[in-house]
>>> print(open('input11.cif').read())   # mmCIF, C-alpha atoms
data_my_file
#
loop_
_atom_site.label_atom_id
_atom_site.label_comp_id
_atom_site.auth_asym_id
_atom_site.auth_seq_id
_atom_site.Cartn_x
_atom_site.Cartn_y
_atom_site.Cartn_z
CA MET E 151 -2.14 -29.89 -17.44
CA ILE E 152 -3.91 -31.07 -14.30
CA TYR E 153 -0.82 -30.18 -12.27
CA ASN E 154 -1.10 -26.49 -13.09
CA ILE E 155 -4.46 -25.71 -11.48
CA PRO E 156 -3.12 -23.13 -8.95
CA PHE E 157 -1.46 -21.17 -11.75
CA ILE E 158 -4.67 -21.22 -13.81
CA ALA E 159 -6.54 -19.95 -10.73
CA VAL E 160 -4.03 -17.10 -10.45
CA ALA E 161 -4.59 -16.15 -14.09
CA ALA E 162 -8.39 -16.28 -13.62
CA LEU E 163 -8.28 -14.04 -10.53
CA ILE E 164 -6.11 -11.44 -12.24
CA LEU E 165 -8.27 -11.44 -15.36
CA ILE E 166 -11.54 -11.00 -13.41
CA GLY E 167 -9.99 -8.15 -11.42
CA LEU E 168 -8.70 -6.49 -14.58
CA TYR E 169 -12.11 -6.77 -16.24
CA THR E 170 -13.73 -5.05 -13.26
CA VAL E 171 -11.20 -2.21 -13.25
CA ILE E 172 -11.51 -1.49 -16.97
CA PHE E 173 -15.19 -1.95 -17.73
CA LYS E 174 -17.16 -0.91 -14.64
CA ARG E 175 -18.33 2.61 -13.77
CA ASN E 176 -18.96 2.60 -10.03
CA LEU E 177 -15.93 3.66 -7.97
CA ILE E 178 -16.48 1.01 -5.31
CA LYS E 179 -16.53 -1.76 -7.91
CA ILE E 180 -13.19 -0.52 -9.24
CA VAL E 181 -11.72 -0.74 -5.72
CA ILE E 182 -13.02 -4.31 -5.38
CA GLY E 183 -11.30 -5.15 -8.69
CA ILE E 184 -7.98 -3.80 -7.40
CA THR E 185 -8.33 -6.00 -4.30
CA LEU E 186 -8.97 -9.04 -6.51
CA ILE E 187 -5.75 -8.39 -8.46
CA GLU E 188 -3.81 -8.18 -5.18
CA SER E 189 -5.29 -11.48 -4.01
CA GLY E 190 -4.22 -13.14 -7.26
CA VAL E 191 -0.64 -11.91 -6.88
CA ASN E 192 -0.46 -13.14 -3.24
CA LEU E 193 -1.68 -16.58 -4.29
CA PHE E 194 1.00 -16.71 -6.98
CA LEU E 195 3.73 -15.89 -4.46
CA ILE E 196 2.72 -18.71 -2.11
CA THR E 197 2.33 -21.21 -4.95
CA LEU E 198 5.94 -20.72 -6.01
CA GLY E 199 7.24 -22.02 -2.68
CA PHE E 200 5.94 -25.58 -2.63
CA ARG E 201 8.03 -28.71 -3.05
CA LYS E 202 6.80 -32.22 -3.69
CA ASP E 203 5.44 -33.90 -0.50
CA SER E 204 6.47 -31.12 1.88
CA VAL E 205 5.02 -29.84 5.14
CA ALA E 206 4.98 -26.46 6.87
CA PRO E 207 8.46 -25.20 7.89
CA ILE E 208 7.87 -25.25 11.65
CA PHE E 209 9.80 -27.44 14.08
CA THR E 210 7.52 -27.20 17.14
CA SER E 211 5.55 -30.39 17.91
CA ASN E 212 6.38 -31.84 14.51
CA PRO E 213 5.97 -35.64 14.50
CA ASP E 214 8.54 -36.28 11.77
CA VAL E 215 11.34 -33.74 11.35
CA SER E 216 13.16 -35.53 8.54
CA GLN E 217 10.45 -34.76 5.99
CA THR E 218 11.16 -32.03 3.47
CA MET E 219 9.82 -28.60 4.26
CA SER E 220 8.37 -25.85 2.10
CA LEU E 221 10.38 -22.73 1.36
CA PRO E 222 9.90 -20.09 4.09
CA VAL E 223 11.02 -16.99 2.17
CA PRO E 224 7.98 -16.66 -0.21
CA GLN E 225 5.66 -16.93 2.79
CA ALA E 226 7.43 -14.03 4.49
CA LEU E 227 7.18 -11.89 1.35
CA THR E 228 3.44 -12.67 1.04
CA LEU E 229 2.90 -11.46 4.60
CA THR E 230 4.37 -8.09 3.73
CA SER E 231 2.29 -7.90 0.56
CA ILE E 232 -0.98 -8.56 2.40
CA VAL E 233 -0.32 -5.79 4.93
CA ILE E 234 0.51 -3.32 2.17
CA GLY E 235 -2.74 -4.27 0.41
CA VAL E 236 -4.74 -3.48 3.55
CA ALA E 237 -3.04 -0.08 3.90
CA VAL E 238 -3.70 0.89 0.28
CA LEU E 239 -7.35 -0.24 0.53
CA ALA E 240 -7.93 1.95 3.62
CA LEU E 241 -6.52 5.01 1.88
CA MET E 242 -8.54 4.39 -1.31
CA LEU E 243 -11.81 4.12 0.62
CA SER E 244 -11.19 7.34 2.52
CA PHE E 245 -10.55 9.14 -0.77
CA ILE E 246 -13.85 7.79 -2.13
CA VAL E 247 -15.72 9.32 0.84
CA TYR E 248 -13.98 12.64 0.14
CA ILE E 249 -14.87 12.52 -3.58
CA TYR E 250 -18.52 11.72 -2.81
CA ARG E 251 -18.78 14.71 -0.51
CA HIS E 252 -17.56 17.02 -3.27
CA TYR E 253 -19.14 15.66 -6.48
CA LYS E 254 -22.33 14.05 -5.05
CA THR E 255 -21.92 11.09 -7.43
CA LEU E 256 -19.89 7.88 -7.65
CA ASP E 257 -19.77 7.57 -11.44
CA VAL E 258 -16.18 7.61 -12.60
CA ARG E 259 -16.97 9.11 -16.02
CA LYS E 260 -18.44 12.22 -14.43
CA VAL E 261 -15.70 12.60 -11.79
CA VAL E 262 -12.77 12.44 -14.21
CA GLY E 263 -13.91 15.52 -16.00
CA GLY E 264 -15.74 15.50 -19.19
CA ASP E 265 -13.96 13.26 -21.68
CA ASP E 266 -17.11 11.19 -22.01
CA GLU E 267 -18.01 9.50 -25.19
CA MET R 235 -18.89 1.23 -29.30
CA SER R 236 -16.64 4.26 -29.12
CA ARG R 237 -12.92 4.34 -29.74
CA ARG R 238 -11.99 4.19 -26.07
CA ASP R 239 -13.97 0.98 -25.56
CA PHE R 240 -12.35 -0.60 -28.62
CA VAL R 241 -8.82 0.07 -27.32
CA ALA R 242 -9.82 -1.31 -23.89
CA VAL R 243 -11.07 -4.59 -25.39
CA ILE R 244 -7.88 -5.04 -27.44
CA PHE R 245 -5.71 -4.42 -24.37
CA PHE R 246 -7.72 -6.86 -22.25
CA ALA R 247 -7.48 -9.56 -24.91
CA VAL R 248 -3.69 -9.18 -25.19
CA VAL R 249 -3.21 -9.42 -21.41
CA ALA R 250 -5.53 -12.44 -21.25
CA VAL R 251 -3.56 -14.30 -23.94
CA PHE R 252 -0.25 -13.61 -22.16
CA LEU R 253 -1.52 -14.70 -18.72
CA ILE R 254 -3.20 -17.91 -19.84
CA PHE R 255 -0.24 -18.91 -22.01
CA GLY R 256 2.11 -18.27 -19.10
CA ALA R 257 -0.06 -20.25 -16.67
CA LEU R 258 -0.06 -23.29 -18.93
CA LYS R 259 3.69 -23.22 -19.54
CA MET R 260 4.83 -22.89 -15.89
CA HIS R 261 6.64 -25.73 -14.18
CA PRO R 262 4.22 -28.30 -12.62
CA PHE R 263 2.92 -27.55 -9.16
CA GLY R 264 5.21 -29.26 -6.68
CA PRO R 265 8.60 -29.48 -8.35
CA VAL R 266 11.23 -32.01 -7.31
CA GLU R 267 14.72 -30.89 -6.33
CA GLY R 268 17.01 -31.02 -9.34
CA GLN R 269 14.37 -31.51 -12.01
CA ASP R 270 12.25 -28.78 -13.63
CA GLY R 271 15.01 -26.24 -13.11
CA PHE R 272 14.31 -25.95 -9.38
CA ASP R 273 17.07 -24.90 -6.98
CA ALA R 274 16.43 -24.00 -3.33
CA GLU R 275 19.91 -23.48 -1.91
CA MET R 276 19.22 -20.36 0.17
CA ASP R 277 16.06 -21.79 1.72
CA ASP R 278 17.81 -25.06 2.56
CA HIS R 279 20.47 -23.07 4.41
CA ILE R 280 17.74 -21.21 6.33
CA ILE R 281 15.88 -24.42 7.27
CA ASN R 282 19.06 -26.19 8.42
CA ASN R 283 20.62 -23.31 10.39
CA ALA R 284 17.77 -21.15 11.73
CA GLN R 285 17.41 -22.95 15.04
CA GLU R 286 21.09 -22.64 15.93
CA GLU R 287 21.66 -19.10 14.72
CA THR R 288 18.47 -17.38 15.85
CA GLY R 289 16.94 -19.78 18.37
CA ALA R 290 13.43 -19.66 16.88
CA SER R 291 11.60 -22.86 15.94
CA ASN R 292 9.38 -21.02 13.49
CA THR R 293 11.47 -20.44 10.38
CA VAL R 294 8.97 -18.01 8.79
CA THR R 295 9.17 -15.65 11.80
CA SER R 296 12.96 -15.88 11.82
CA VAL R 297 12.99 -14.88 8.14
CA VAL R 298 10.57 -11.98 8.71
CA PHE R 299 12.32 -10.51 11.76
CA ASP R 300 15.94 -11.66 11.62
CA TYR R 301 17.19 -12.62 8.18
CA ARG R 302 15.05 -10.01 6.38
CA GLY R 303 14.24 -7.52 9.11
CA PHE R 304 14.75 -4.53 6.84
CA ASP R 305 11.68 -5.43 4.78
CA THR R 306 9.62 -5.46 7.98
CA LEU R 307 10.86 -1.97 8.73
CA GLY R 308 9.60 -0.79 5.34
CA GLU R 309 6.26 -2.50 5.90
CA ALA R 310 5.83 -0.79 9.29
CA THR R 311 6.52 2.54 7.59
CA VAL R 312 3.83 1.88 4.96
CA LEU R 313 1.28 1.02 7.66
CA PHE R 314 2.15 4.18 9.61
CA THR R 315 1.80 6.33 6.48
CA ALA R 316 -1.61 4.84 5.65
CA VAL R 317 -2.97 5.54 9.15
CA ALA R 318 -1.62 9.09 9.04
CA GLY R 319 -3.23 9.67 5.64
CA VAL R 320 -6.65 8.39 6.72
CA ILE R 321 -6.70 10.56 9.87
CA LEU R 322 -5.58 13.59 7.81
CA VAL R 323 -8.40 13.18 5.24
CA PHE R 324 -11.09 12.90 7.88
CA ARG R 325 -9.81 15.78 9.98
CA ARG R 326 -10.38 18.10 7.03
CA LEU R 327 -13.76 16.54 6.40
CA LYS R 328 -15.05 17.04 9.93
CA LYS R 329 -14.89 20.87 9.89
CA MET S 221 -23.64 5.46 13.91
CA SER S 222 -25.85 4.60 16.86
CA GLY S 223 -25.45 1.52 19.01
CA MET S 224 -27.37 -1.72 18.84
CA SER S 225 -29.77 -3.35 21.28
CA LYS S 226 -29.11 -4.52 24.82
CA ILE S 227 -28.65 -8.16 23.87
CA VAL S 228 -25.85 -7.35 21.39
CA LYS S 229 -24.06 -5.18 23.95
CA THR S 230 -24.16 -7.93 26.59
CA ILE S 231 -22.83 -10.62 24.27
CA SER S 232 -20.05 -8.31 23.04
CA ASN S 233 -19.03 -7.64 26.63
CA ILE S 234 -18.75 -11.39 27.27
CA ALA S 235 -16.93 -12.29 24.04
CA PHE S 236 -14.39 -9.43 24.02
CA PRO S 237 -11.91 -10.73 26.66
CA PHE S 238 -11.75 -14.19 25.07
CA VAL S 239 -10.93 -12.86 21.61
CA MET S 240 -8.36 -10.46 23.08
CA ILE S 241 -6.62 -13.26 25.02
CA TYR S 242 -6.51 -15.38 21.86
CA GLY S 243 -4.95 -12.53 19.89
CA LEU S 244 -2.35 -11.82 22.59
CA TYR S 245 -1.48 -15.54 22.66
CA ILE S 246 -0.81 -15.46 18.92
CA ILE S 247 1.43 -12.38 19.34
CA ALA S 248 3.39 -13.74 22.31
CA HIS S 249 4.09 -17.21 20.85
CA GLY S 250 5.18 -15.90 17.46
CA HIS S 251 8.54 -17.65 17.50
CA LEU S 252 7.08 -21.11 18.25
CA THR S 253 3.75 -21.53 16.47
CA PRO S 254 2.45 -19.95 13.25
CA GLY S 255 1.61 -16.32 13.89
CA GLY S 256 3.52 -13.29 15.01
CA GLY S 257 2.99 -9.58 15.35
CA PHE S 258 0.90 -8.82 12.28
CA GLN S 259 -1.49 -11.74 12.51
CA GLY S 260 -2.21 -11.35 16.24
CA GLY S 261 -2.63 -7.61 15.85
CA ALA S 262 -5.30 -8.15 13.20
CA VAL S 263 -7.22 -10.51 15.55
CA VAL S 264 -7.24 -8.01 18.45
CA ALA S 265 -8.24 -5.19 16.09
CA SER S 266 -11.24 -7.29 14.99
CA ALA S 267 -12.33 -7.60 18.64
CA CYS S 268 -12.07 -3.83 19.10
CA ALA S 269 -14.10 -3.29 15.91
CA MET S 270 -16.79 -5.58 17.33
CA ILE S 271 -17.04 -3.30 20.40
CA LEU S 272 -17.24 -0.28 18.10
CA VAL S 273 -20.14 -1.75 16.13
CA ALA S 274 -22.06 -2.80 19.27
CA TYR S 275 -21.80 0.49 21.15
CA GLY S 276 -21.93 3.07 18.37
CA SER S 277 -19.16 5.32 17.12
CA VAL S 278 -20.27 8.46 19.03
CA TRP S 279 -20.03 6.74 22.43
CA THR S 280 -16.70 5.07 21.57
CA MET S 281 -15.15 8.31 20.36
CA GLY S 282 -16.22 9.94 23.61
CA LYS S 283 -14.35 7.30 25.60
CA ILE S 284 -11.25 6.89 23.43
CA LYS S 285 -9.97 9.88 21.55
CA GLU S 286 -7.87 9.18 18.51
CA LYS S 287 -4.98 11.17 19.97
CA ARG S 288 -4.30 8.39 22.52
CA LEU S 289 -4.33 5.77 19.76
CA SER S 290 -1.78 7.83 17.80
CA ILE S 291 0.49 7.95 20.86
CA LEU S 292 0.24 4.15 21.29
CA GLU S 293 1.10 3.54 17.64
CA SER S 294 4.09 5.87 17.81
CA VAL S 295 5.37 4.08 20.94
CA GLY S 296 5.23 0.77 19.07
CA ALA S 297 7.07 2.11 16.02
CA ILE S 298 9.78 3.88 18.06
CA SER S 299 10.48 0.81 20.21
CA PHE S 300 10.83 -1.31 17.04
CA ILE S 301 13.45 1.10 15.65
CA VAL S 302 15.29 1.32 18.99
CA LEU S 303 15.52 -2.50 19.15
CA ALA S 304 17.01 -2.48 15.65
CA PHE S 305 19.58 0.17 16.54
CA LEU S 306 20.68 -1.65 19.70
CA GLY S 307 22.26 -4.28 17.46
CA ILE S 308 24.89 -1.73 16.44
CA PHE S 309 25.73 -0.31 19.82
CA ILE S 310 25.58 -3.10 22.39
CA ILE S 311 27.96 -5.75 21.09
CA THR S 312 31.23 -5.23 19.29
CA GLU S 313 31.14 -5.65 15.51
CA GLY S 314 27.39 -5.33 15.42
CA VAL S 315 25.23 -4.57 12.42
CA PHE S 316 21.77 -3.09 12.04
CA PHE S 317 19.08 -5.61 13.13
CA LYS S 318 21.51 -8.02 14.76
CA ASN S 319 19.98 -10.54 17.15
CA PHE S 320 22.13 -9.65 20.16
CA LEU S 321 20.20 -11.73 22.71
CA ALA S 322 20.22 -15.13 20.99
CA ASN S 323 22.56 -17.88 22.32
CA THR S 324 23.59 -15.80 25.37
CA ASN S 325 22.31 -16.25 28.89
CA LEU S 326 20.43 -12.97 29.17
CA MET S 327 16.70 -12.39 28.88
CA PHE S 328 15.50 -14.55 25.99
CA GLY S 329 18.63 -16.42 25.16
CA THR S 330 18.47 -20.21 25.53
CA THR S 331 20.11 -22.24 22.83
CA VAL S 332 18.07 -24.58 20.64
CA ALA S 333 19.56 -27.67 19.02
CA PHE S 334 18.88 -28.54 15.41
CA GLN S 335 15.65 -30.50 14.81
CA SER S 336 14.42 -30.25 18.41
CA THR S 337 10.64 -30.25 18.71
CA ALA S 338 10.41 -28.84 22.24
CA ALA S 339 8.58 -25.51 22.48
CA ASN S 340 10.54 -23.38 24.92
CA ILE S 341 9.30 -19.81 25.19
CA ASN S 342 12.58 -18.57 26.64
CA THR S 343 14.36 -18.66 23.29
CA ALA S 344 14.80 -16.61 20.11
CA GLY S 345 16.51 -13.49 21.39
CA VAL S 346 15.12 -10.19 20.27
CA ILE S 347 12.29 -11.67 18.14
CA PRO S 348 9.55 -11.76 20.87
CA LEU S 349 10.27 -8.13 21.78
CA MET S 350 9.90 -7.13 18.15
CA ASN S 351 6.66 -9.12 18.00
CA PHE S 352 5.23 -7.08 20.88
CA ALA S 353 6.24 -3.77 19.29
CA VAL S 354 4.77 -4.60 15.89
CA GLY S 355 1.61 -6.07 17.47
CA LEU S 356 0.99 -2.88 19.44
CA LYS S 357 1.50 -0.82 16.30
CA VAL S 358 -0.94 -2.90 14.23
CA ILE S 359 -3.65 -2.91 16.96
CA ALA S 360 -3.55 0.86 17.41
CA GLY S 361 -3.33 1.57 13.68
CA LEU S 362 -6.21 -0.62 12.51
CA PHE S 363 -8.48 0.46 15.38
CA ALA S 364 -7.75 4.14 14.64
CA ILE S 365 -8.64 3.69 10.94
CA VAL S 366 -12.00 2.04 11.69
CA LEU S 367 -12.89 4.50 14.47
CA VAL S 368 -12.10 7.65 12.49
CA MET S 369 -14.00 6.45 9.42
CA ALA S 370 -17.13 5.52 11.41
CA TYR S 371 -17.17 8.72 13.46
CA ALA S 372 -16.61 11.07 10.54
CA THR S 373 -19.28 9.52 8.31
CA SER S 374 -21.79 9.71 11.14
CA LYS S 375 -21.03 13.39 11.56
CA ILE S 376 -21.47 13.96 7.82
CA LYS S 377 -24.82 12.21 7.67
CA GLU S 378 -26.49 14.12 10.48
CA GLY S 379 -27.13 17.26 8.50
CA LYS S 380 -23.92 19.05 7.68
CA THR S 381 -24.48 19.47 3.96
CA LYS S 382 -21.64 21.48 2.55
#
>>> encode(input="input11.cif", output="structure tokens")
Amino acid sequence: MIYNIPFIAVAALILIGLYTVIFKRNLIKIVIGITLIESGVNLFLITLGFRKDSVAPIFTSNPDVSQTMSLPVPQALTLTSIVIGVAVLALMLSFIVYIYRHYKTLDVRKVVGGDDE
Amino acid sequence: MSRRDFVAVIFFAVVAVFLIFGALKMHPFGPVEGQDGFDAEMDDHIINNAQEETGASNTVTSVVFDYRGFDTLGEATVLFTAVAGVILVFRRLKK
Amino acid sequence: MSGMSKIVKTISNIAFPFVMIYGLYIIAHGHLTPGGGFQGGAVVASACAMILVAYGSVWTMGKIKEKRLSILESVGAISFIVLAFLGIFIITEGVFFKNFLANTNLMFGTTVAFQSTAANINTAGVIPLMNFAVGLKVIAGLFAIVLVMAYATSKIKEGKTK
């Protein structure tokens, strides 16, 4: 079980982010929880592309080119995922500023519209 | 503890059980070629042929811009849409 | 938001060209070392955000309107799409996104042998040109997001209660 620590870290990150999205009331804390879930998914994508005793897949100034290299395709997909996370975060924060101007509060139970309990 | 909170706790517990069970049953970190059901045929082709076909010594950049350039086009579109949306929201807010 | 003191402005003036040169180095050498268009664009956008924080958003919006940043971002996106379409039209039997400059003797087209560790910048075909286009797009886009958010919230706070 000691060889599965990155996967356990991925599960912990996603669970902490999910807890923050479900059980917190402030809108900014919910956005932070969404960012935590995205970080967990990016870490999972990179962890899938590692082989035993491998180095980075770059040939420039590499002292030993006959060593095995990591898989380059998951790293490229993670790059795309990080940029999409930044774009979604910018749009969410601008919507929060708009909501605050209209409702004068950041509590998500009052903004949604009355199904409190 | 209202009914909505009860359903939320049940849902969170189910997702937690699935994630932790999946994390413990994955293949060990750092699999060896051939064992653990690991097969990297496409990536081995990219590592062995990227310098001759594209001329780039950085295989990650050659995957992002040459072998999978269409995904980069989609990513550039998402970035452009996000910037357009942010400027649109704040133009209406400034009046 | 208003600017900061004189000491912060002086140090930002000194540090800004160094960070910008470092970011442009990461963009330009994207086919040799780890990096590329997106990573280098994020570094240069951080330098521009440092200038925005030091001088205040009202002064920066007076110097750089967001219309010019939109034009820069559109130029980057359009040149990326034009480079992708040139793969169809220039060579015979071309496809979308074909690397039509690699392994020829034109602009960026020196051949590279397998497992060579020499870092020659004159290689990799159309990839450095795409790096420049995407880097320009990311710089203009991220700087426009930060500038518009800072300027609009400062205008809201100074007494326009709706």
>>> closest_residue(input="input11.cif", among="S:Thr253, S:Asn325, S:Thr330, S:Asn319", to="chain E", atoms="all atoms listed in the file")
S:Thr253
>>> residues_around(input="input11.cif", residues="Gly307 in chain S", least_positions_apart="6", cutoff="10 Å", atoms="only C-alpha atoms", output="ChimeraX atom specification")
/S:313-321,346
>>> residues_around(input="input11.cif", residues="Phe304 in chain R", least_positions_apart="2", cutoff="12 Å", atoms="all atoms listed in the file", output="VMD selection string")
(chain E and resid 227 230) or (chain R and resid 297 to 302 306 to 311) or (chain S and resid 300 to 301 304 to 305 315 to 318)
>>> resolve_selection(input="input11.cif", expression="the PyMOL selection byres ((chain R) within 6 of (chain E))", output="PyMOL selection string")
chain R and resi 253+257+262-266+277+291-292+294+298+313+316+320
>>> closest_residue(input="input11.cif", among="E:Val261, E:Ile246, E:Leu195, E:Val205", to="Val181 in chain E", atoms="only C-alpha atoms")
E:Ile246
>>> residues_around(input="input11.cif", residues="Ala290 in chain R", least_positions_apart="5", cutoff="9 Å", atoms="all atoms listed in the file", output="number ranges by chain")
R: 284-285, 295-296; S: 251-252, 332, 343-345, 347
>>> resolve_selection(input="input11.cif", expression="the PyMOL selection byres ((chain S) within 9 of (chain E))", output="CSV table (one decimal) with C-alpha atoms, keeping the file's coordinate frame")
chain,number,residue,atom,x,y,z
S,252,LEU,CA,7.1,-21.1,18.2
S,253,THR,CA,3.8,-21.5,16.5
S,254,PRO,CA,2.4,-20.0,13.2
S,258,PHE,CA,0.9,-8.8,12.3
S,335,GLN,CA,15.6,-30.5,14.8
S,336,SER,CA,14.4,-30.2,18.4
S,337,THR,CA,10.6,-30.2,18.7
S,338,ALA,CA,10.4,-28.8,22.2
S,339,ALA,CA,8.6,-25.5,22.5
S,365,ILE,CA,-8.6,3.7,10.9
S,369,MET,CA,-14.0,6.4,9.4
S,373,THR,CA,-19.3,9.5,8.3
S,376,ILE,CA,-21.5,14.0,7.8
S,381,THR,CA,-24.5,19.5,4.0
S,382,LYS,CA,-21.6,21.5,2.6
>>> atom_distance(input="input11.cif", atom1="CA of Asn342 in chain S", atom2="CA of Ser294 in chain S")
27.3 Å
>>> build_atoms(input="input11.cif", residues="range 255-280 of chain R", atoms="N, CA and C atoms", output="short mmCIF file (atom, residue, chain, number, x, y, z; two decimals), in the frame of the given file")
data_model
loop_
_atom_site.label_atom_id
_atom_site.label_comp_id
_atom_site.auth_asym_id
_atom_site.auth_seq_id
_atom_site.Cartn_x
_atom_site.Cartn_y
_atom_site.Cartn_z
N PHE R 255 -1.38 -18.18 -21.43
CA PHE R 255 -0.24 -18.91 -22.01
C PHE R 255 0.85 -19.13 -20.97
N GLY R 256 1.11 -18.11 -20.14
CA GLY R 256 2.11 -18.27 -19.10
C GLY R 256 1.70 -19.28 -18.04
N ALA R 257 0.39 -19.31 -17.70
CA ALA R 257 -0.06 -20.25 -16.67
C ALA R 257 0.04 -21.68 -17.15
N LEU R 258 -0.14 -21.92 -18.45
CA LEU R 258 -0.06 -23.29 -18.93
C LEU R 258 1.37 -23.76 -19.12
N LYS R 259 2.32 -22.82 -19.28
CA LYS R 259 3.69 -23.22 -19.54
C LYS R 259 4.57 -23.19 -18.31
N MET R 260 4.02 -22.90 -17.10
CA MET R 260 4.83 -22.89 -15.89
C MET R 260 5.26 -24.31 -15.55
N HIS R 261 6.22 -24.41 -14.63
CA HIS R 261 6.64 -25.73 -14.18
C HIS R 261 5.49 -26.36 -13.38
N PRO R 262 5.36 -27.69 -13.33
CA PRO R 262 4.22 -28.30 -12.62
C PRO R 262 4.24 -27.99 -11.15
N PHE R 263 3.08 -27.93 -10.55
CA PHE R 263 2.92 -27.55 -9.16
C PHE R 263 3.51 -28.63 -8.26
N GLY R 264 4.54 -28.27 -7.50
CA GLY R 264 5.21 -29.26 -6.68
C GLY R 264 6.42 -29.82 -7.39
N PRO R 265 7.43 -28.98 -7.64
CA PRO R 265 8.60 -29.48 -8.35
C PRO R 265 9.51 -30.31 -7.45
N VAL R 266 10.29 -31.17 -8.04
CA VAL R 266 11.23 -32.01 -7.31
C VAL R 266 12.60 -31.37 -7.42
N GLU R 267 13.40 -31.50 -6.37
CA GLU R 267 14.72 -30.89 -6.33
C GLU R 267 15.59 -31.46 -7.44
N GLY R 268 16.14 -30.56 -8.27
CA GLY R 268 17.01 -31.02 -9.34
C GLY R 268 16.34 -31.07 -10.68
N GLN R 269 15.08 -31.50 -10.73
CA GLN R 269 14.37 -31.51 -12.01
C GLN R 269 13.69 -30.17 -12.19
N ASP R 270 13.08 -29.94 -13.30
CA ASP R 270 12.25 -28.78 -13.63
C ASP R 270 12.96 -27.46 -13.40
N GLY R 271 14.30 -27.49 -13.31
CA GLY R 271 15.01 -26.24 -13.11
C GLY R 271 14.79 -25.64 -11.74
N PHE R 272 14.66 -26.45 -10.70
CA PHE R 272 14.31 -25.95 -9.38
C PHE R 272 15.52 -26.04 -8.47
N ASP R 273 15.89 -24.92 -7.83
CA ASP R 273 17.07 -24.90 -6.98
C ASP R 273 16.75 -24.09 -5.74
N ALA R 274 16.85 -24.68 -4.55
CA ALA R 274 16.43 -24.00 -3.33
C ALA R 274 17.58 -23.95 -2.35
N GLU R 275 18.72 -23.42 -2.77
CA GLU R 275 19.91 -23.48 -1.91
C GLU R 275 19.81 -22.55 -0.73
N MET R 276 19.31 -21.32 -0.94
CA MET R 276 19.22 -20.36 0.17
C MET R 276 18.21 -20.82 1.22
N ASP R 277 17.06 -21.36 0.75
CA ASP R 277 16.06 -21.79 1.72
C ASP R 277 16.50 -23.03 2.48
N ASP R 278 17.30 -23.90 1.83
CA ASP R 278 17.81 -25.06 2.56
C ASP R 278 18.79 -24.63 3.65
N HIS R 279 19.58 -23.59 3.38
CA HIS R 279 20.47 -23.07 4.41
C HIS R 279 19.68 -22.49 5.57
N ILE R 280 18.56 -21.79 5.26
CA ILE R 280 17.74 -21.21 6.33
C ILE R 280 17.08 -22.30 7.16
#
